>>> print(open('protein-v1.txt').read())   # compact mmCIF, C-alpha atoms
# COMPACT_ATOMS: atom_id res chain seq x y z
CA MET G 78 27.48 61.59 -9.84
CA THR G 79 25.46 63.72 -12.24
CA LEU G 80 23.50 62.17 -15.06
CA PHE G 81 25.41 62.34 -18.34
CA MET G 82 23.48 61.97 -21.53
CA ASP G 83 25.24 62.81 -24.76
CA ASN G 84 24.35 60.72 -27.77
CA ASP G 85 27.70 61.62 -29.35
CA PHE G 86 29.89 59.41 -27.16
CA PHE G 87 30.09 57.08 -24.15
CA ASP G 88 33.36 55.72 -22.83
CA ALA G 89 31.96 52.50 -21.34
CA LEU G 90 28.94 50.23 -21.81
CA ILE G 91 27.63 48.32 -18.78
CA PHE G 92 25.37 45.38 -19.60
CA ASP G 93 22.71 43.54 -17.68
CA MET G 94 22.79 39.81 -18.47
CA ASP G 95 19.39 38.08 -18.41
CA GLY G 96 16.99 39.48 -20.97
CA THR G 97 19.70 41.70 -22.43
CA LEU G 98 22.46 39.35 -23.61
CA TRP G 99 20.78 35.94 -23.38
CA ASP G 100 17.75 34.03 -22.10
CA ALA G 101 18.75 31.37 -19.57
CA THR G 102 15.45 30.98 -17.74
CA ALA G 103 15.08 27.34 -18.84
CA THR G 104 18.43 26.58 -17.20
CA TYR G 105 17.56 28.55 -14.07
CA ALA G 106 14.32 26.58 -13.72
CA GLU G 107 16.29 23.32 -13.95
CA GLU G 108 18.71 24.63 -11.33
CA TRP G 109 15.89 25.50 -8.94
CA ASN G 110 14.19 22.15 -9.41
CA GLU G 111 17.46 20.29 -8.91
CA THR G 112 18.16 22.31 -5.77
CA ALA G 113 14.75 21.39 -4.36
CA ARG G 114 15.44 17.71 -5.06
CA ARG G 115 18.77 17.89 -3.24
CA MET G 116 17.01 19.52 -0.30
CA GLY G 117 14.50 16.69 -0.11
CA VAL G 118 11.50 18.44 -1.67
CA PRO G 119 11.05 16.56 -4.97
CA ASP G 120 7.49 17.82 -5.50
CA PHE G 121 8.69 21.42 -5.88
CA HIS G 122 8.57 22.44 -9.55
CA ILE G 123 8.96 25.76 -11.27
CA THR G 124 8.75 26.46 -14.99
CA PRO G 125 10.71 28.96 -17.11
CA GLU G 126 7.45 30.83 -17.70
CA GLN G 127 6.96 31.27 -13.95
CA LEU G 128 10.50 32.59 -13.53
CA HIS G 129 10.10 35.06 -16.38
CA GLN G 130 7.86 37.33 -14.33
CA TYR G 131 10.58 37.78 -11.71
CA MET G 132 13.51 38.46 -14.02
CA GLY G 133 15.22 41.72 -13.14
CA LEU G 134 14.71 41.34 -9.40
CA SER G 135 17.58 40.52 -7.06
CA ILE G 136 17.88 36.88 -6.05
CA ASP G 137 16.69 37.48 -2.50
CA LYS G 138 13.46 39.08 -3.74
CA ILE G 139 12.83 36.23 -6.19
CA PHE G 140 13.40 33.68 -3.42
CA ASN G 141 11.05 35.49 -1.07
CA ALA G 142 8.34 35.75 -3.72
CA ILE G 143 8.47 32.11 -4.81
CA LEU G 144 9.71 30.15 -1.82
CA SER G 145 7.29 31.76 0.62
CA LYS G 146 4.68 29.51 -0.95
CA CYS G 147 6.46 26.26 -0.12
CA THR G 148 8.44 24.55 2.67
CA LEU G 149 11.91 25.38 1.32
CA ASP G 150 14.00 27.64 3.51
CA PRO G 151 15.15 30.66 1.42
CA VAL G 152 18.50 31.03 3.20
CA GLU G 153 19.44 27.36 2.78
CA PHE G 154 18.02 27.31 -0.75
CA CYS G 155 20.22 30.26 -1.67
CA ARG G 156 23.31 28.46 -0.38
CA VAL G 157 22.56 25.22 -2.22
CA VAL G 158 21.43 26.81 -5.50
CA ASP G 159 24.71 28.73 -5.76
CA GLY G 160 26.57 25.43 -5.93
CA VAL G 161 24.06 23.92 -8.34
CA GLU G 162 24.37 26.95 -10.62
CA ASP G 163 28.15 26.68 -10.62
CA GLU G 164 27.69 23.10 -11.88
CA MET G 165 24.89 23.58 -14.40
CA LEU G 166 25.11 27.08 -15.88
CA PRO G 167 28.58 26.66 -17.45
CA VAL G 168 27.33 23.47 -19.15
CA MET G 169 23.72 24.31 -20.06
CA GLY G 170 24.13 28.04 -20.53
CA GLY G 171 21.39 30.08 -22.13
CA ILE G 172 20.18 31.18 -25.55
CA PRO G 173 22.18 34.20 -26.79
CA TYR G 174 20.13 36.87 -28.49
CA PRO G 175 20.79 37.03 -32.25
CA GLY G 176 24.03 38.84 -32.99
CA MET G 177 25.08 39.04 -29.34
CA VAL G 178 28.34 37.09 -29.37
CA ASP G 179 29.76 38.72 -32.48
CA GLY G 180 28.32 42.06 -31.40
CA ILE G 181 30.06 42.00 -28.03
CA ARG G 182 33.34 41.27 -29.77
CA ARG G 183 32.82 44.20 -32.11
CA LEU G 184 31.86 46.56 -29.30
CA SER G 185 34.86 45.51 -27.21
CA SER G 186 37.16 46.69 -30.00
CA ARG G 187 35.99 50.24 -29.34
CA TYR G 188 34.58 50.44 -25.79
CA ARG G 189 35.42 49.13 -22.39
CA LEU G 190 32.62 46.68 -21.59
CA PHE G 191 31.29 45.78 -18.14
CA MET G 192 28.45 43.76 -16.62
CA VAL G 193 26.25 44.33 -13.56
CA SER G 194 23.58 41.76 -12.74
CA ASN G 195 21.32 40.64 -9.92
CA CYS G 196 22.47 37.04 -10.43
CA GLY G 197 24.52 34.85 -8.09
CA ALA G 198 28.22 35.35 -7.49
CA GLY G 199 29.37 33.10 -10.34
CA GLY G 200 26.69 33.88 -12.91
CA LEU G 201 28.51 36.49 -14.98
CA LYS G 202 31.74 34.49 -15.09
CA SER G 203 29.75 31.46 -16.28
CA PHE G 204 28.10 33.56 -18.97
CA MET G 205 31.46 34.82 -20.21
CA ARG G 206 33.03 31.36 -20.29
CA PHE G 207 30.01 29.71 -21.96
CA ASN G 208 30.03 32.29 -24.75
CA ASN G 209 33.85 32.57 -24.92
CA LEU G 210 33.65 36.29 -24.14
CA THR G 211 35.79 36.58 -20.99
CA ASP G 212 38.42 38.65 -22.79
CA CYS G 213 35.80 41.18 -23.92
CA PHE G 214 34.82 42.46 -20.46
CA THR G 215 36.95 44.65 -18.22
CA ASP G 216 35.09 44.11 -14.94
CA SER G 217 31.77 42.97 -13.47
CA LEU G 218 29.73 42.95 -10.25
CA THR G 219 26.75 40.90 -9.07
CA PHE G 220 24.24 40.96 -6.25
CA GLY G 221 25.61 37.58 -5.20
CA GLU G 222 29.08 39.04 -4.67
CA THR G 223 28.14 42.21 -2.79
CA GLY G 224 24.56 41.88 -1.54
CA TRP G 225 23.95 45.33 -3.05
CA GLN G 226 21.21 46.45 -5.41
CA LYS G 227 22.13 47.45 -8.95
CA ALA G 228 22.52 51.17 -8.28
CA GLU G 229 25.19 50.53 -5.67
CA ASN G 230 26.96 47.97 -7.86
CA ILE G 231 26.88 50.30 -10.87
CA LYS G 232 28.33 53.15 -8.81
CA ALA G 233 31.04 50.90 -7.36
CA LEU G 234 31.98 49.60 -10.80
CA VAL G 235 32.12 53.12 -12.27
CA GLU G 236 34.25 54.43 -9.43
CA ARG G 237 36.80 51.61 -9.29
CA ASN G 238 37.31 51.67 -13.07
CA GLY G 239 37.48 55.45 -13.49
CA ILE G 240 34.60 55.57 -15.99
CA ALA G 241 33.65 59.11 -16.99
CA HIS G 242 30.59 58.59 -19.22
CA PRO G 243 28.96 55.17 -18.70
CA LEU G 244 25.71 53.81 -20.10
CA TYR G 245 23.77 50.95 -18.53
CA ILE G 246 21.91 48.62 -20.91
CA GLY G 247 19.09 46.46 -19.54
CA ASP G 248 15.60 45.21 -20.22
CA THR G 249 13.30 46.18 -17.32
CA GLN G 250 11.89 49.24 -15.60
CA GLY G 251 13.84 48.19 -12.52
CA ASP G 252 17.07 48.32 -14.53
CA CYS G 253 16.17 51.83 -15.67
CA ASP G 254 15.31 53.00 -12.16
CA GLU G 255 18.52 51.59 -10.70
CA ALA G 256 20.69 53.09 -13.45
CA HIS G 257 19.12 56.51 -12.94
CA ARG G 258 19.48 56.17 -9.17
CA ALA G 259 23.19 55.61 -9.81
CA GLY G 260 23.30 58.75 -11.97
CA VAL G 261 23.85 56.76 -15.17
CA PRO G 262 21.76 57.00 -18.37
CA PHE G 263 19.85 53.91 -19.46
CA ALA G 264 19.38 52.13 -22.79
CA PHE G 265 16.38 49.81 -22.97
CA ALA G 266 16.69 46.39 -24.62
CA ALA G 267 13.08 46.28 -25.80
CA TYR G 268 13.46 42.70 -27.07
CA GLY G 269 14.05 41.39 -23.52
CA PHE G 270 11.84 40.35 -20.60
CA GLY G 271 10.32 43.61 -19.41
CA SER G 272 8.99 47.05 -20.27
CA CYS G 273 10.24 50.56 -19.58
CA SER G 274 8.47 53.93 -19.63
CA ASN G 275 11.40 56.34 -19.44
CA PRO G 276 14.60 55.06 -21.10
CA ASP G 277 17.18 57.46 -22.46
CA LEU G 278 17.67 55.22 -25.50
CA SER G 279 15.75 52.18 -26.77
CA PHE G 280 16.69 49.32 -29.10
CA ASP G 281 14.55 46.56 -30.60
CA SER G 282 17.38 44.06 -31.18
CA PHE G 283 20.95 43.45 -30.10
CA ASN G 284 22.11 44.11 -33.64
CA THR G 285 20.67 47.63 -33.50
CA ILE G 286 22.60 48.23 -30.27
CA VAL G 287 25.82 47.25 -32.01
CA ASP G 288 25.09 49.30 -35.12
CA TYR G 289 24.26 52.39 -33.09
CA PHE G 290 27.35 52.36 -30.89
CA MET G 291 29.77 51.33 -33.60
CA ASN G 292 28.64 54.31 -35.67
CA ILE G 293 28.86 57.01 -33.00
CA LYS G 294 31.65 59.45 -33.78
CA GLU G 295 33.99 60.24 -30.93
CA LYS G 296 34.11 63.87 -29.86
>>> encode(input="protein-v1.txt", output="structure tokens")
Amino acid sequence: MTLFMDNDFFDALIFDMDGTLWDATATYAEEWNETARRMGVPDFHITPEQLHQYMGLSIDKIFNAILSKCTLDPVEFCRVVDGVEDEMLPVMGGIPYPGMVDGIRRLSSRYRLFMVSNCGAGGLKSFMRFNNLTDCFTDSLTFGETGWQKAENIKALVERNGIAHPLYIGDTQGDCDEAHRAGVPFAFAAYGFGSCSNPDLSFDSFNTIVDYFMNIKEK
């Protein structure tokens, strides 16, 4: 796939979730702490601030970075936390960025929308249900479903949906690198968790994303 970059038109927008559409780190911290309690390690405690620094990494890398410092087994933790997330995330959710819910609905009236995230298998579905946005997205893929990094998931999503000119929207340098590795241009959500030195586009709020793409004229 060759890199397409034409500011006049894209035929699909692929979104990252955490740091791009909402901030759910407080819920993730609760999920991790609850998982540790269920595994018999009640003294384990992680804060949302501690998780922030790892946002954008795949779950296995986050586990290895954090759990290597304690007695919890990463493989078993991963299995248990998936179930805990399925219980807690649909109920607790996250904090949508201003304008996100209405903005996604507006964008879906013009573009096919997709999601690719490094979250667990059920994370994106929980996000969609919590925000009542399931009908706005055509397809999605996660690290938890495939075990693949974002570049591979982006390429798979593009190929199986016949997307000609996609754009990936995320909030970290890792998102940018993975999008470019997949041959897809990258738009940086500068209001999110991370930084980026070489985005193709950059936006300082979700509302500016919506305004930009709703005002592009089709070729």
>>> atom_distance(input="protein-v1.txt", atom1="CA of His122 in chain G", atom2="CA of Ala106 in chain G")
8.2 Å
>>> residues_around(input="protein-v1.txt", residues="Asp252 in chain G", least_positions_apart="2", cutoff="9 Å", atoms="only C-alpha atoms", output="PyMOL selection string")
chain G and resi 93+133-134+227-228+245-250+254-257+263+265+273
>>> atom_distance(input="protein-v1.txt", atom1="CA of Ser203 in chain G", atom2="CA of Val158 in chain G")
14.4 Å
>>> closest_residue(input="protein-v1.txt", among="G:Ile136, G:Leu218, G:Leu184, G:Ile91", to="Tyr289 in chain G", atoms="all atoms listed in the file")
G:Leu184
>>> closest_residue(input="protein-v1.txt", among="G:Asp159, G:Asp277, G:Asp88, G:Asp100", to="Tyr174 in chain G", atoms="only C-alpha atoms")
G:Asp100
>>> closest_residue(input="protein-v1.txt", among="G:Met291, G:Ile143, G:Cys155, G:Ala198", to="Arg182 in chain G", atoms="all atoms listed in the file")
G:Met291
>>> atom_distance(input="protein-v1.txt", atom1="CA of Met165 in chain G", atom2="CA of Ala103 in chain G")
11.4 Å
>>> residues_near_point(input="protein-v1.txt", point="(23.6, 20.9, -19.4)", cutoff="12 Å", atoms="all atoms listed in the file", output="PyMOL selection string")
chain G and resi 101+103-105+107-108+161-171+207
>>> residues_around(input="protein-v1.txt", residues="Ile181 in chain G", least_positions_apart="6", cutoff="10 Å", atoms="all atoms listed in the file", output="PDB file with C-alpha atoms, in the coordinates of the input")
ATOM      1  CA  LEU G  98      22.460  39.350 -23.610  1.00  0.00           C
ATOM      2  CA  TYR G 188      34.580  50.440 -25.790  1.00  0.00           C
ATOM      3  CA  LEU G 190      32.620  46.680 -21.590  1.00  0.00           C
ATOM      4  CA  LEU G 210      33.650  36.290 -24.140  1.00  0.00           C
ATOM      5  CA  CYS G 213      35.800  41.180 -23.920  1.00  0.00           C
ATOM      6  CA  PHE G 214      34.820  42.460 -20.460  1.00  0.00           C
ATOM      7  CA  PHE G 283      20.950  43.450 -30.100  1.00  0.00           C
ATOM      8  CA  ASN G 284      22.110  44.110 -33.640  1.00  0.00           C
ATOM      9  CA  ILE G 286      22.600  48.230 -30.270  1.00  0.00           C
ATOM     10  CA  VAL G 287      25.820  47.250 -32.010  1.00  0.00           C
TER      11      VAL G 287
END
